[in-house]
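Comments concern the structure below.
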Amino acid sequence: MDTFMRNLANEPDEEGFMPAMKVYLLEKNEEEGVRPMVIICPGGGYSCVVENWEGERIAMAYAAAGFHTAVVDYKVAPRDYRQPLRDAAAAVRTCRENAGIWQVDPAKIIICGFSAGGHLAASVSTLWDSAEFFTPEEIGSRICRPDASILCYPVITSGDKAHKDSFVKLIGSDDEGLPEWREMSLEYQVDDQTPPAFLWHTVEDSVVPVENSMYYATALREHHLPFELHIYPRGDHGLSLVTQGLSRTKPMFGRDYGWMKLSIDWINELFGLCQA
């Protein structure tokens, strides 16, 4: 496996932070050809990026399934709310621009996010064609549009079931009357051009209520877009692979929730990669 860092901006911001992604490329295999790419956005409530819990371990799991992967280190508070979206979109664009060199299939780029990172992944999926955030050239070429999303206990809504602190950190204000609060409530941003999604959540999530995933799935349904939604009974927020500590093959609960395998099967089915 070839592992390297790739910057996502031309220069660091005024505080010296350079958004970047760690890329994990599987060895080139001319017989197998190009592979899908899974871009991972760890969570952290837009106050940090918890790469140690929702980054590399997720990348390794998808790499084991035969996908190239990347983990994004994006800007968080107190930076402007447009910045993390631009960082994640830059990751999609960079993977597509380097598809030939990296043996990535440019039509099979999946963005995966956890918690606030799920909000970021869903933001790129719904706002990639917004003139407020992207240039006419970016929108016309569709270069920042993911081909699918995987949303893991995502922050979606700014309404009654919101994780309010994520929105405060993202927008920089607790004034829910600001237009940005509704604009970044992503169940309202789904349209016919939103890519398919795989979602999972738990009923017991006390931080980001399960309704967040349900609202997004409902919006996809209303637009007749493909999606798969799994709601599990047990477990609080931030389950990652739902495995125990150092033993990543042992389920956290007695039952294996198996969302990772289900999402891999979903990707393979969505893109016609299943073997007959």
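If you're wondering about the labels, chains in the structure tokens are A, B, ... by order shown, residues count from 1 in each chain, ligands from 1 in order shown.
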Subject >> Residue set, stretch 64-275 of chain A restricted to alpha helix (DSSP H), as a PyMOL selection string >> reply: chain A and resi 64+82-97+99-102+116-127+136-141+164-171+179-183+211-222+259-270
Closest atom pairs, residues of stretch 117-230 of chain A within 7 Å of stretch 75-96 of chain A, only C-alpha atoms, as CSV:
residue,atom,partner,partner_atom,distance
A:Leu120,CA,A:Leu85,CA,6.3
A:Ser123,CA,A:Leu85,CA,6.8
A:Val124,CA,A:Ala89,CA,6.1
A:Phe133,CA,A:Arg82,CA,7.0
A:Ile143,CA,A:Arg93,CA,5.4
A:Cys144,CA,A:Arg93,CA,5.0
A:Pro146,CA,A:Val92,CA,6.6
A:Lys169,CA,A:Ala77,CA,5.4
A:Leu170,CA,A:Tyr81,CA,5.1
A:Ile171,CA,A:Tyr81,CA,5.3
A:Gly172,CA,A:Pro78,CA,6.6
Within 6 Å of stretch 37-58 of chain A, which residues of stretch 63-109 of chain A come that close, and what is the closest atom pair and distance in Å for each? Count only C-alpha atoms and give it as CSV.
residue,atom,partner,partner_atom,distance
A:Phe67,CA,A:Met37,CA,5.7
A:His68,CA,A:Met37,CA,4.6
A:Thr69,CA,A:Val38,CA,4.7
A:Ala70,CA,A:Ile39,CA,4.8
A:Val71,CA,A:Ile40,CA,4.7
A:Val72,CA,A:Cys41,CA,5.4
A:Val76,CA,A:Tyr46,CA,4.9
A:Ala77,CA,A:Ser47,CA,5.4
A:Ile109,CA,A:Met37,CA,4.9
Subject >> Backbone-only DSSP, strand (DSSP E) members of stretch 39-275 of chain A, as a ChimeraX atom specification >> reply: /A:39-41,68-73,104-114,148-152,197-202,227-232,243-244,247-251
**OP:** Would you mind reading off the distance between atom CA of A:Ser185 and atom CA of A:Ala122, one decimal, in Å?
**Re:** 10.1 Å
